[in-house]
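For reference, start.txt is printed below; it contains compact mmCIF, C-alpha atoms and all ligand atoms.
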# COMPACT_ATOMS: atom_id res chain seq x y z
CA MET A 1328 127.21 126.77 76.82
CA ILE A 1329 129.38 125.69 73.87
CA LEU A 1330 127.02 122.96 72.66
CA GLU A 1331 123.89 125.02 73.08
CA LYS A 1332 122.51 124.54 69.56
CA TYR A 1333 122.74 120.76 69.94
CA LEU A 1334 120.99 120.55 73.26
CA SER A 1335 117.44 119.51 73.94
CA LYS A 1336 115.33 121.87 76.02
CA LYS A 1337 115.83 119.42 78.88
CA GLY A 1338 119.61 119.45 78.35
CA GLN A 1339 119.60 123.23 78.45
CA PHE A 1340 117.42 123.26 81.51
CA LEU A 1341 119.75 120.83 83.31
CA GLU A 1342 122.78 122.88 82.29
CA ASN A 1343 121.22 126.05 83.65
CA ASN A 1344 119.51 124.72 86.76
CA VAL A 1345 121.04 121.59 88.26
CA ASP A 1346 123.26 122.04 91.27
CA LEU A 1347 125.75 119.15 91.06
CA SER A 1348 126.76 119.86 94.61
CA ALA A 1349 123.12 119.42 95.71
CA GLY A 1350 123.87 122.13 98.24
CA THR A 1351 126.38 119.99 100.11
CA ILE A 1352 129.40 118.88 98.07
CA ALA A 1353 130.71 122.39 97.53
CA TRP A 1354 130.83 122.94 101.31
CA GLY A 1355 132.51 119.55 101.70
CA LEU A 1356 135.22 120.58 99.25
CA LYS A 1357 135.81 123.87 101.05
CA ALA A 1358 136.12 121.99 104.35
CA LYS A 1359 138.50 119.39 102.88
CA LYS A 1360 140.75 122.17 101.62
CA ARG A 1361 140.85 123.72 105.11
CA ALA A 1362 141.49 120.34 106.70
CA LYS A 1363 144.56 119.89 104.46
CA GLU A 1364 145.95 123.23 105.61
CA ASN A 1365 145.06 122.80 109.28
CA PRO A 1366 145.30 119.40 111.02
CA ASP A 1367 143.00 120.63 113.82
CA PHE A 1368 140.20 121.51 111.41
CA ILE A 1369 136.98 119.55 112.08
CA ASN A 1370 135.08 118.58 108.97
CA ALA A 1371 131.42 117.98 109.86
CA THR A 1372 130.14 118.24 106.30
CA THR A 1373 130.26 114.61 105.13
CA GLY A 1374 127.08 112.54 105.12
CA THR A 1375 128.77 109.16 105.41
CA ALA A 1376 129.54 107.40 108.68
CA THR A 1377 133.22 107.37 109.53
CA GLU A 1378 135.32 105.89 112.31
CA ASP A 1379 136.90 108.19 114.86
CA ASP A 1380 140.11 108.17 112.80
CA GLY A 1381 138.24 109.49 109.76
CA LYS A 1382 138.24 106.25 107.77
CA LEU A 1383 134.94 105.14 106.27
CA MET A 1384 132.95 102.86 108.57
CA VAL A 1385 132.81 99.67 106.55
CA LEU A 1386 131.22 96.39 107.55
CA PRO A 1387 134.13 93.90 107.53
CA THR A 1388 131.93 90.89 106.70
CA LEU A 1389 130.64 92.59 103.55
CA PHE A 1390 134.07 93.83 102.57
CA ASP A 1391 135.51 90.29 102.88
CA GLU A 1392 132.70 88.93 100.76
CA LEU A 1393 133.30 91.52 98.05
CA ARG A 1394 136.96 90.56 97.92
CA GLN A 1395 136.06 86.93 97.32
CA LEU A 1396 133.70 87.43 94.40
CA THR A 1397 134.52 85.59 91.19
CA GLY A 1398 134.82 87.38 87.85
CA ASP A 1399 131.33 86.16 86.89
CA GLN A 1400 129.79 87.34 90.12
CA LEU A 1401 131.35 90.73 89.76
CA LEU A 1402 131.28 91.41 86.05
CA ALA A 1403 128.44 89.50 84.40
CA TYR A 1404 125.22 91.36 83.60
CA ALA A 1405 122.68 91.51 86.39
CA ASN A 1406 118.99 90.74 85.99
CA MET A 1407 117.15 94.02 85.34
CA ARG A 1408 114.67 93.18 88.11
CA GLY A 1409 117.54 92.56 90.50
CA GLN A 1410 119.28 89.19 91.02
CA TYR A 1411 116.64 86.70 92.10
CA ALA A 1412 118.51 85.63 95.25
CA PHE A 1413 119.26 89.24 96.13
CA VAL A 1414 115.67 90.48 95.98
CA GLN A 1415 114.57 87.54 98.14
CA ALA A 1416 117.33 88.15 100.67
CA TRP A 1417 116.64 91.91 100.74
CA LYS A 1418 112.96 91.20 101.30
CA ARG A 1419 113.73 89.10 104.38
CA ASP A 1420 116.23 91.65 105.64
CA THR A 1421 113.70 94.46 105.25
CA LEU A 1422 110.85 92.57 106.90
CA GLU A 1423 113.10 91.68 109.82
CA SER A 1424 113.68 95.38 110.45
CA TYR A 1425 109.97 95.79 111.32
CA PRO A 1426 108.27 94.72 114.56
CA VAL A 1427 107.20 91.06 114.26
CA GLY A 1428 103.50 91.88 114.29
CA MET A 1429 103.78 94.12 111.21
CA ARG A 1430 105.71 91.80 108.92
CA LYS A 1431 102.98 89.59 107.48
CA LYS A 1432 100.60 92.43 106.69
CA THR A 1433 103.37 94.49 105.07
CA GLU A 1434 104.43 91.55 102.94
CA GLU A 1435 100.87 90.89 101.82
CA LEU A 1436 100.25 94.51 100.94
CA SER A 1437 103.38 95.17 98.89
CA THR A 1438 105.42 94.00 95.93
CA LEU A 1439 108.07 92.48 98.18
CA PRO A 1440 110.45 91.13 96.87
CA VAL A 1441 111.78 94.38 95.61
CA THR A 1442 113.10 95.73 92.31
CA ALA A 1443 116.79 96.59 92.39
CA CYS A 1444 117.96 99.97 91.12
CA GLY A 1445 121.02 102.21 91.01
CA GLY A 1446 121.20 103.59 94.53
CA LEU A 1447 118.38 105.42 96.27
CA THR A 1448 118.75 108.29 93.83
CA GLY A 1449 118.09 105.85 90.99
CA GLY A 1450 115.05 104.58 92.87
CA LEU A 1451 113.65 108.10 93.29
CA MET A 1452 114.23 108.79 89.61
CA LEU A 1453 112.59 105.56 88.38
CA THR A 1454 109.64 105.95 90.71
CA GLY A 1455 109.14 109.56 89.63
CA GLN A 1456 109.11 108.50 85.98
CA VAL A 1457 106.58 105.77 86.50
CA PHE A 1458 104.09 107.81 88.54
CA PHE A 1459 104.40 111.46 87.50
CA ASP A 1460 104.23 113.63 84.40
CA LEU A 1461 105.86 116.98 83.85
CA GLY A 1462 104.03 119.58 85.92
CA ASP A 1463 102.41 117.09 88.33
CA LYS A 1464 102.40 118.27 91.92
CA LEU A 1465 104.71 116.91 94.58
CA LEU A 1466 104.45 117.91 98.22
CA ALA A 1467 107.99 118.34 99.52
CA PRO A 1468 109.14 119.18 103.07
CA ASN A 1469 110.95 122.40 103.94
CA SER A 1470 113.74 120.29 105.37
CA ARG A 1471 115.09 118.12 102.59
CA TRP A 1472 118.16 116.77 100.86
CA GLY A 1473 119.29 118.96 97.94
CA ASN A 1474 119.19 116.20 95.33
CA VAL A 1475 115.43 115.89 95.82
CA ASP A 1476 115.20 119.21 93.99
CA ASN A 1477 117.56 118.02 91.28
CA VAL A 1478 115.62 114.80 90.65
CA PHE A 1479 112.02 115.90 90.97
CA PHE A 1480 111.93 119.61 90.32
CA LYS A 1481 114.78 120.06 87.85
CA ASN A 1482 115.09 116.79 85.97
CA GLN A 1483 111.47 115.67 86.09
CA GLN A 1484 110.10 119.19 86.34
CA LEU A 1485 107.31 118.40 88.78
CA GLU A 1486 105.67 121.30 90.50
CA GLU A 1487 106.64 121.77 94.13
CA ILE A 1488 104.07 122.29 96.82
CA PRO A 1489 106.09 122.94 99.95
CA TYR A 1490 104.99 121.69 103.36
CA GLN A 1491 106.45 122.61 106.70
CA LEU A 1492 108.00 119.56 108.32
CA VAL A 1493 110.25 121.36 110.79
CA ASP A 1494 108.70 124.36 112.49
CA GLN A 1495 110.44 127.48 113.82
CA GLU A 1496 110.72 125.89 117.26
CA GLY A 1497 112.60 122.95 115.79
CA ASN A 1498 109.77 120.45 116.19
CA LEU A 1499 108.70 117.91 113.62
CA SER A 1500 105.11 118.54 112.65
CA LEU A 1501 102.95 116.77 110.10
CA THR A 1502 100.05 119.19 110.56
CA ASP A 1503 100.83 121.29 107.51
CA LEU A 1504 101.17 118.16 105.36
CA ASN A 1505 97.89 116.77 106.68
CA GLU A 1506 96.06 120.03 106.03
CA LYS A 1507 97.51 120.39 102.54
CA LEU A 1508 96.55 116.84 101.63
CA ILE A 1509 92.98 117.44 102.76
CA SER A 1510 92.64 120.67 100.82
CA LEU A 1511 94.50 119.58 97.65
CA GLN A 1512 92.15 116.69 97.03
CA LYS A 1513 89.46 119.25 96.29
CA THR A 1514 91.42 120.75 93.38
CA GLU A 1515 93.83 118.05 92.14
CA LYS A 1516 93.40 114.80 90.24
CA LYS A 1517 96.53 113.17 91.67
CA ILE A 1518 99.16 114.14 94.17
CA GLY A 1519 102.65 113.01 95.22
CA VAL A 1520 104.30 113.35 98.62
CA TYR A 1521 108.01 113.04 99.38
CA LEU A 1522 108.72 111.76 102.89
CA ASN A 1523 112.16 111.12 104.38
CA PHE A 1524 112.79 109.81 107.91
CA PRO A 1525 115.26 110.00 109.55
CA ASN A 1526 115.36 113.29 107.75
CA ASN A 1527 118.30 114.85 105.97
CA PRO A 1528 119.26 117.52 107.02
CA SER A 1529 117.20 117.84 110.22
CA GLY A 1530 117.92 114.42 111.78
CA ILE A 1531 114.26 114.17 112.80
CA SER A 1532 111.98 111.12 112.85
CA PRO A 1533 108.31 111.05 113.89
CA THR A 1534 106.70 109.54 116.95
CA LEU A 1535 104.04 106.86 116.57
CA ASP A 1536 101.33 109.41 117.38
CA GLN A 1537 102.50 111.63 114.55
CA VAL A 1538 102.48 108.71 112.14
CA LYS A 1539 98.96 107.85 113.30
CA GLU A 1540 97.88 111.42 112.55
CA LEU A 1541 99.17 110.97 108.99
CA GLN A 1542 97.46 107.59 108.71
CA LYS A 1543 94.16 109.20 109.64
CA THR A 1544 94.50 111.79 106.88
CA LEU A 1545 95.50 109.18 104.33
CA GLU A 1546 92.54 106.97 105.23
CA SER A 1547 90.24 109.75 104.09
CA ILE A 1548 92.00 110.65 100.83
CA THR A 1549 89.80 110.52 97.74
CA ILE A 1550 92.33 111.13 94.92
CA PRO A 1551 95.24 108.91 93.80
CA THR A 1552 98.08 109.74 96.18
CA ILE A 1553 101.61 108.44 95.81
CA LEU A 1554 103.87 108.56 98.84
CA LEU A 1555 107.57 108.43 98.01
CA LEU A 1556 109.29 107.17 101.10
CA ASP A 1557 113.02 107.86 101.04
CA ASP A 1558 114.38 105.43 103.63
CA ALA A 1559 118.08 106.19 103.18
CA TYR A 1560 118.72 106.36 106.96
CA GLU A 1561 116.14 103.85 108.21
CA ASN A 1562 116.93 102.25 111.58
CA TYR A 1563 119.52 104.84 112.59
CA CYS A 1564 117.43 105.99 115.57
CA TYR A 1565 118.59 106.95 119.05
CA GLU A 1566 115.48 107.64 121.14
CA ASN A 1567 112.75 105.35 122.44
CA ASP A 1568 109.86 107.61 121.58
CA VAL A 1569 110.42 107.65 117.80
CA VAL A 1570 109.46 105.02 115.27
CA ASN A 1571 112.85 103.36 114.93
CA HIS A 1572 112.21 101.66 111.59
CA SER A 1573 110.75 102.64 108.24
CA ILE A 1574 107.18 103.96 108.49
CA PHE A 1575 106.28 101.95 105.35
CA PRO A 1576 104.29 99.33 107.30
CA TYR A 1577 102.07 102.15 108.60
CA LEU A 1578 101.41 103.50 105.11
CA VAL A 1579 100.13 100.33 103.42
CA GLY A 1580 96.57 99.03 103.64
CA LEU A 1581 95.07 102.42 104.49
CA ASN A 1582 92.98 103.32 101.49
CA GLU A 1583 92.68 102.14 97.90
CA ASN A 1584 93.74 105.62 96.75
CA VAL A 1585 97.08 105.57 98.52
CA LEU A 1586 100.23 103.96 97.10
CA ALA A 1587 103.36 103.98 99.24
CA VAL A 1588 106.65 103.48 97.42
CA LYS A 1589 109.55 102.57 99.68
CA ILE A 1590 112.98 103.43 98.35
CA ASP A 1591 115.87 102.03 100.33
CA GLY A 1592 119.30 100.63 99.61
CA ALA A 1593 122.72 99.42 100.63
CA SER A 1594 124.21 102.94 100.72
CA LYS A 1595 123.53 103.51 104.41
CA ARG A 1596 121.97 100.19 105.46
CA TYR A 1597 125.20 98.35 104.64
CA CYS A 1598 127.60 101.32 104.54
CA ALA A 1599 128.12 100.78 100.81
CA TYR A 1600 127.57 104.29 99.47
CA GLY A 1601 129.51 103.98 96.23
CA ALA A 1602 128.21 100.50 95.44
CA ARG A 1603 125.06 102.13 93.99
CA LEU A 1604 122.51 99.54 95.02
CA GLY A 1605 118.97 100.60 95.82
CA ALA A 1606 115.62 98.84 96.04
CA ILE A 1607 112.04 99.82 95.29
CA THR A 1608 108.97 98.33 96.96
CA VAL A 1609 105.47 99.39 96.03
CA GLY A 1610 102.91 99.20 98.84
CA PHE A 1611 99.16 99.07 98.21
CA GLY A 1612 96.08 100.37 99.91
CA LEU A 1613 94.20 97.15 99.27
CA GLU A 1614 95.48 93.59 98.97
CA LYS A 1615 96.63 92.51 95.52
CA ASP A 1616 97.02 88.99 94.19
CA GLU A 1617 100.38 87.60 93.12
CA ASP A 1618 99.75 88.31 89.42
CA GLU A 1619 98.98 91.94 90.13
CA LYS A 1620 102.07 92.31 92.29
CA ALA A 1621 104.20 90.70 89.58
CA GLN A 1622 102.80 93.18 87.06
CA ILE A 1623 103.91 96.11 89.21
CA ARG A 1624 107.36 94.58 89.72
CA GLU A 1625 107.66 94.16 85.95
CA LEU A 1626 106.62 97.77 85.45
CA MET A 1627 109.36 98.96 87.80
CA ALA A 1628 111.84 96.68 86.00
CA LYS A 1629 110.75 98.20 82.67
CA SER A 1630 111.54 101.60 84.09
CA ALA A 1631 114.96 100.33 85.23
CA ARG A 1632 115.58 98.64 81.85
CA THR A 1633 114.93 101.87 79.96
CA ASN A 1634 117.19 103.88 82.23
CA THR A 1635 120.24 102.17 83.65
CA SER A 1636 119.29 98.67 82.43
CA SER A 1637 120.18 97.01 85.73
CA ALA A 1638 121.69 97.61 89.14
CA PRO A 1639 125.36 96.68 89.78
CA ARG A 1640 125.88 92.94 90.08
CA GLY A 1641 128.81 92.46 92.46
CA ILE A 1642 127.27 94.19 95.45
CA GLN A 1643 124.04 92.22 95.01
CA GLU A 1644 126.02 88.96 95.02
CA ALA A 1645 128.05 89.95 98.06
CA ILE A 1646 125.08 91.13 100.11
CA THR A 1647 123.12 88.01 99.18
CA ASN A 1648 125.99 85.74 100.27
CA VAL A 1649 126.19 87.53 103.60
CA LEU A 1650 122.46 87.60 104.27
CA ILE A 1651 121.74 83.96 103.40
CA ASP A 1652 124.61 82.56 105.48
CA PRO A 1653 123.43 82.48 109.13
CA LYS A 1654 126.93 82.96 110.55
CA LYS A 1655 127.84 85.83 108.22
CA ASN A 1656 124.44 87.40 108.71
CA ASP A 1657 124.88 87.23 112.45
CA ASN A 1658 128.32 88.82 112.14
CA ILE A 1659 127.18 91.68 109.95
CA GLN A 1660 124.22 92.45 112.20
CA LYS A 1661 126.67 92.67 115.12
CA GLU A 1662 128.91 94.98 113.09
CA LYS A 1663 125.93 97.17 112.25
CA ALA A 1664 124.91 97.27 115.92
CA ARG A 1665 128.43 98.31 116.86
CA ASN A 1666 128.36 101.16 114.32
CA LEU A 1667 124.97 102.28 115.58
CA LYS A 1668 126.39 102.36 119.10
CA VAL A 1669 129.27 104.60 117.99
CA LEU A 1670 126.86 106.99 116.26
CA SER A 1671 124.46 106.89 119.18
CA SER A 1672 127.21 107.85 121.58
CA ARG A 1673 128.22 110.83 119.40
CA TYR A 1674 124.55 111.77 119.11
CA LYS A 1675 124.04 111.71 122.89
CA LEU A 1676 127.04 113.95 123.46
CA ILE A 1677 126.15 116.57 120.84
CA LYS A 1678 122.55 116.52 122.00
CA LYS A 1679 123.53 117.03 125.64
CA LEU A 1680 125.78 119.97 124.74
CA GLY A 1681 122.91 121.54 122.80
CA GLU A 1682 120.53 121.14 125.73
CA GLU A 1683 122.97 122.66 128.17
CA THR A 1684 123.57 125.77 126.04
CA THR A 1685 120.77 128.27 125.59
CA ASP A 1686 122.06 131.78 125.20
CA ASN A 1687 122.95 131.79 121.54
CA ILE A 1688 121.69 132.54 118.09
CA LEU A 1689 121.52 128.83 117.33
CA LYS A 1690 118.65 126.59 118.29
CA PRO A 1691 119.01 122.86 117.78
CA VAL A 1692 115.95 121.23 116.23
CA LYS A 1693 114.64 118.19 118.13
CA PHE A 1694 116.82 115.79 116.19
CA ASN A 1695 116.57 112.19 117.35
CA SER A 1696 117.91 110.00 114.53
CA GLY A 1697 119.97 109.75 111.36
CA PHE A 1698 123.40 111.19 110.67
CA PHE A 1699 122.96 114.88 111.42
CA GLY A 1700 122.24 117.57 113.96
CA TYR A 1701 120.52 120.65 112.59
CA TYR A 1702 120.63 124.11 114.15
CA LEU A 1703 118.15 126.85 113.31
CA ILE A 1704 119.40 130.41 113.30
CA LYS A 1705 117.40 132.69 115.57
CA SER A 1706 118.70 135.92 113.98
CA GLN A 1707 118.27 137.15 110.39
CA GLN A 1708 121.84 136.17 109.50
CA PRO A 1709 121.90 133.77 106.53
CA ALA A 1710 123.14 130.25 107.29
CA THR A 1711 125.64 130.49 104.42
CA GLU A 1712 127.33 133.41 106.15
CA ILE A 1713 127.53 131.50 109.43
CA SER A 1714 128.93 128.39 107.72
CA SER A 1715 131.58 130.60 106.05
CA ASN A 1716 132.53 132.08 109.43
CA LEU A 1717 132.72 128.62 110.94
CA LEU A 1718 135.08 127.52 108.17
CA GLU A 1719 137.42 130.34 109.22
CA LYS A 1720 137.18 129.24 112.83
CA GLY A 1721 137.99 125.59 112.08
CA LEU A 1722 134.66 123.81 111.60
CA GLY A 1723 133.12 122.62 108.34
CA THR A 1724 129.29 122.60 108.29
CA VAL A 1725 126.63 122.73 105.59
CA PRO A 1726 124.06 125.54 105.51
CA PHE A 1727 120.56 124.39 104.62
CA VAL A 1728 118.23 127.18 103.70
CA ASN A 1729 114.72 126.97 102.33
CA THR A 1730 113.45 130.47 101.83
CA SER A 1731 109.96 129.42 100.74
CA ASN A 1732 109.41 127.92 104.17
CA GLY A 1733 111.48 130.13 106.39
CA LEU A 1734 114.05 127.47 107.20
CA ASN A 1735 117.51 128.86 107.85
CA GLY A 1736 119.94 126.55 109.59
CA ILE A 1737 123.20 124.68 109.74
CA ARG A 1738 123.78 120.94 109.45
CA VAL A 1739 126.44 119.26 111.55
CA ALA A 1740 127.28 115.72 110.42
CA PHE A 1741 128.07 113.94 113.68
CA CYS A 1742 128.30 110.74 111.62
CA SER A 1743 131.69 111.83 110.35
CA ILE A 1744 133.45 113.47 113.31
CA SER A 1745 135.04 111.69 116.25
CA GLU A 1746 133.39 111.74 119.65
CA GLU A 1747 136.55 113.32 121.00
CA ASN A 1748 136.14 116.25 118.60
CA ILE A 1749 132.49 116.90 119.42
CA PRO A 1750 133.02 119.28 122.40
CA LYS A 1751 135.46 121.35 120.33
CA ALA A 1752 133.16 121.31 117.29
CA PHE A 1753 130.34 122.44 119.53
CA GLU A 1754 132.39 125.21 121.07
CA ILE A 1755 133.25 126.57 117.60
CA LEU A 1756 129.63 126.19 116.47
CA TYR A 1757 128.31 128.14 119.44
CA SER A 1758 130.96 130.84 119.14
CA THR A 1759 129.06 132.28 116.15
C1 LIG B 1801 117.73 111.54 102.19
C2 LIG B 1801 118.68 110.92 101.22
N1 LIG B 1801 118.18 110.15 100.24
C3 LIG B 1801 118.99 109.55 99.35
C4 LIG B 1801 120.36 109.73 99.41
C5 LIG B 1801 121.23 109.13 98.35
O1 LIG B 1801 121.30 107.78 98.36
P1 LIG B 1801 122.16 107.04 97.25
O2 LIG B 1801 123.58 107.38 97.51
O3 LIG B 1801 121.86 105.61 97.49
O4 LIG B 1801 121.70 107.51 95.93
C6 LIG B 1801 120.92 110.51 100.40
C7 LIG B 1801 122.36 110.70 100.46
O5 LIG B 1801 122.93 111.48 101.13
C8 LIG B 1801 120.05 111.13 101.32
O6 LIG B 1801 120.52 111.92 102.29
Show me this structure written as structure tokens.
Amino acid sequence: MILEKYLSKKGQFLENNVDLSAGTIAWGLKAKKRAKENPDFINATTGTATEDDGKLMVLPTLFDELRQLTGDQLLAYANMRGQYAFVQAWKRDTLESYPVGMRKKTEELSTLPVTACGGLTGGLMLTGQVFFDLGDKLLAPNSRWGNVDNVFFKNQQLEEIPYQLVDQEGNLSLTDLNEKLISLQKTEKKIGVYLNFPNNPSGISPTLDQVKELQKTLESITIPTILLLDDAYENYCYENDVVNHSIFPYLVGLNENVLAVKIDGASKRYCAYGARLGAITVGFGLEKDEDEKAQIRELMAKSARTNTSSAPRGIQEAITNVLIDPKKNDNIQKEKARNLKVLSSRYKLIKKLGEETTDNILKPVKFNSGFFGYYLIKSQQPATEISSNLLEKGLGTVPFVNTSNGLNGIRVAFCSISEENIPKAFEILYST
């Protein structure tokens, strides 16, 4: 490193350890290169929803609104807590995504309205800074998005305690997490847990019974426990037996020792990935009065102020304008429903093909939500090798391997391939 003598220990550590690709971008680049050379190449590496023709799925009502912003709306500084109208509108939007009977309790037990931040990644970073010190322990699932490692284990240098979320049969299980929580409270003073449903890369979300099992554990916890709920893909669910919204309402009001921090944003909720708008909501175990809630919101804003200062302004203005106008809101909800239908239809097809095919080295996990299908490898062959072979055969995938938990599999992003291409993608996938 040419600047080595100038660098802080942290700078050196980042230089030597951070994977900018977060395990995915490098495979995306390889696939894009192949796609340029071969028009029939299918690129199932990208974690953004696209139309069948490959263009980004945008929500026209939001796009129109962005085009109409004034210079002030787009370019003036934003409030470091988030624009007042935005945080109110986001609060309503979030509450409306929960079943009616859960809304009041969730509102009472959390800091809603939210604090705005720079994308979900920014929200994870700010939350980590507020609640954890170097070396604190964070329970992290075997199946997780690569940037979780960058943020928590490389930048913030927390200590990982792995838990098995996806077992060797491809089922979601919270048993290991529950058992680890119960045993860690005997030795630790504080513990963090990273949760992400629908999960990247596995595409799995829990059933209500599984969430209840977790609730039961959390009700008995005796040490301060902070749940970091990464809700990037909330509401993208395709089966009736899974919780089809954020599990945040189930994690508040359980126990005075348990804080649940919900991190969500416009990236996937409003197909605005590059707009970098996230939101943080802190949920409590016991009811707090308005002054106490305001204190926590101010704390999160202080964290934002000392990092990125504020979240981008234009996207907050545009989303607010859409959400507070009944007609525009109605339109955008219809556009979202249409997109969900497209993804659901791709999901059903890829799922059906997986169920019909058994004799292979790949085993689909029981994915039921989100943007991805995930296939465990039944042999000893490393997923990276299989993804490389698939590139040669005309399909771009991302290998996700977690050696500490025996997870070795391949992610197929059905969010970004056309329904028409799914049978061919599947044929290539299962030709390994
Ligand atoms: C689980 C998960 N969390 C967070 C993010 C990133 O969100 P953002 O782009 O808002 O930082 C992603 C993006 O792929 C993700 O998969």
Calculated over only C-alpha atoms, which of the candidates A:Gly1700, A:Pro1528, A:Gly1374, A:Gly1519 has the smallest distance to Val1588 in chain A?
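The shortest atom-to-atom distance to Val1588 in chain A comes from A:Gly1519.
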For ligand LIG 1801 (chain B), return the neighbouring residues as a ChimeraX atom specification (distance at most 9 Å; all atoms listed in the file).
/A:1373-1375,1445-1451,1471-1475,1523-1528,1557-1560,1590-1595,1599-1605,1698
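Here CA of Val1692 in chain A and CA of Phe1753 in chain A stand 14.8 Å from one another.
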Between A:Thr1351, A:Gln1708, A:Asn1469, A:Thr1442, single out the one closest to Ala1371 in chain A, counting only C-alpha atoms.
A:Thr1351
Compile the contact shell of Thr1711 in chain A as number ranges by chain: residues with an atom at most 9 Å away, counting all atoms listed in the file, same-chain residues fewer than 6 positions apart removed.
A: 1725-1728, 1735-1737
Give me, please, the distance in Å between CA of Pro1533 in chain A and CA of Ile1755 in chain A, quoted to one decimal.
29.6 Å
For a cutoff of 12 Å around the file-coordinate point (126.5, 116.2, 92.2), which residues qualify once you count all atoms listed in the file? I'd like the result as a PDB file with C-alpha atoms, in the coordinates of the input.
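To be explicit, this is the file written out as result_34.pdb:
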ATOM      1  CA  VAL A1345     121.040 121.590  88.260  1.00  0.00           C
ATOM      2  CA  ASP A1346     123.260 122.040  91.270  1.00  0.00           C
ATOM      3  CA  LEU A1347     125.750 119.150  91.060  1.00  0.00           C
ATOM      4  CA  SER A1348     126.760 119.860  94.610  1.00  0.00           C
ATOM      5  CA  ALA A1349     123.120 119.420  95.710  1.00  0.00           C
ATOM      6  CA  GLY A1350     123.870 122.130  98.240  1.00  0.00           C
ATOM      7  CA  THR A1351     126.380 119.990 100.110  1.00  0.00           C
ATOM      8  CA  ILE A1352     129.400 118.880  98.070  1.00  0.00           C
ATOM      9  CA  ALA A1353     130.710 122.390  97.530  1.00  0.00           C
ATOM     10  CA  GLY A1355     132.510 119.550 101.700  1.00  0.00           C
ATOM     11  CA  THR A1448     118.750 108.290  93.830  1.00  0.00           C
ATOM     12  CA  GLY A1473     119.290 118.960  97.940  1.00  0.00           C
ATOM     13  CA  ASN A1474     119.190 116.200  95.330  1.00  0.00           C
ATOM     14  CA  VAL A1475     115.430 115.890  95.820  1.00  0.00           C
ATOM     15  CA  ASP A1476     115.200 119.210  93.990  1.00  0.00           C
ATOM     16  CA  ASN A1477     117.560 118.020  91.280  1.00  0.00           C
ATOM     17  CA  VAL A1478     115.620 114.800  90.650  1.00  0.00           C
TER      18      VAL A1478
END
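Comparing the minimum interatomic distances between Ser1630 in chain A and each of A:Gly1733, A:Gly1455, A:Gly1398, A:Gly1338, counting only C-alpha atoms, we find that A:Gly1455 sits nearest.
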As an exercise, work out the distance from CA of Val1669 in chain A to CA of Asn1695 in chain A in Å and give it to one decimal place.
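Distance reported for this atom pair: 14.8 Å.
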Determine the nearest neighbour of Asn1656 in chain A from the options A:Ala1606, A:Met1627, A:Leu1485, A:Ala1416, counting only C-alpha atoms.
A:Ala1416
Starting from 5 Å padding per side, set up an axis-aligned box that covers all listed atoms of range 1631-1636 of chain A and hand over centre and edge lengths in Å, one decimal, as lines of an AutoDock Vina configuration file.
center_x = 117.6
center_y = 101.3
center_z = 82.6
size_x = 15.3
size_y = 15.2
size_z = 15.3
Find the nearest atom pair between each residue of range 1378-1486 of chain A and range 1503-1509 of chain A for residues within 12 Å, count all atoms listed in the file, give distances in Å to one decimal, sort rows by chain and ascending number, and present the table as JSON lines.
{"residue": "A:Lys1464", "atom": "CA", "partner": "A:Leu1508", "partner_atom": "CA", "distance": 11.4}
{"residue": "A:Leu1465", "atom": "CA", "partner": "A:Leu1508", "partner_atom": "CA", "distance": 10.8}
{"residue": "A:Leu1466", "atom": "CA", "partner": "A:Leu1504", "partner_atom": "CA", "distance": 7.9}
{"residue": "A:Ala1467", "atom": "CA", "partner": "A:Leu1504", "partner_atom": "CA", "distance": 9.0}
{"residue": "A:Pro1468", "atom": "CA", "partner": "A:Leu1504", "partner_atom": "CA", "distance": 8.4}
{"residue": "A:Asn1469", "atom": "CA", "partner": "A:Leu1504", "partner_atom": "CA", "distance": 10.8}
I'd like the neighbourhood of Thr1534 in chain A as a list in words, where a residue qualifies if any of its atoms comes within 8 Å (using all atoms listed in the file), though same-chain residues fewer than 2 positions away should be ignored.
Ser1532, Asp1536, Gln1537, Val1538, Asp1568, Val1569 and Val1570 of chain A
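Nearest to Glu1378 in chain A of all the residues A:Ile1651, A:Leu1734, A:Met1407, A:Cys1598 is A:Cys1598, based on all atoms listed in the file.
All residues of protein, DNA or RNA that reach within 10 Å of Thr1608 in chain A, judged by all atoms listed in the file and not counting those fewer than 6 positions away in the chain, are A:Lys1418, A:Ser1437, A:Thr1438, A:Leu1439, A:Pro1440, A:Val1441, A:Thr1442, A:Ala1443, A:Gly1450, A:Thr1454, A:Leu1556, A:Phe1575, A:Ala1587, A:Val1588, A:Lys1589, A:Ile1590, A:Asp1591, A:Ile1623, A:Arg1624, A:Met1627.
Checking A:Leu1667, A:Leu1422, A:Ile1531, A:Leu1756 one by one against Leu1718 in chain A, counting all atoms listed in the file, you find the shortest gap at A:Leu1756.
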Write out as a PyMOL selection string the residues lying within 8 Å of Gly1641 in chain A, counting all atoms listed in the file and excluding same-chain residues fewer than 2 positions away.
chain A and resi 1393+1396+1400-1402+1639+1643-1645
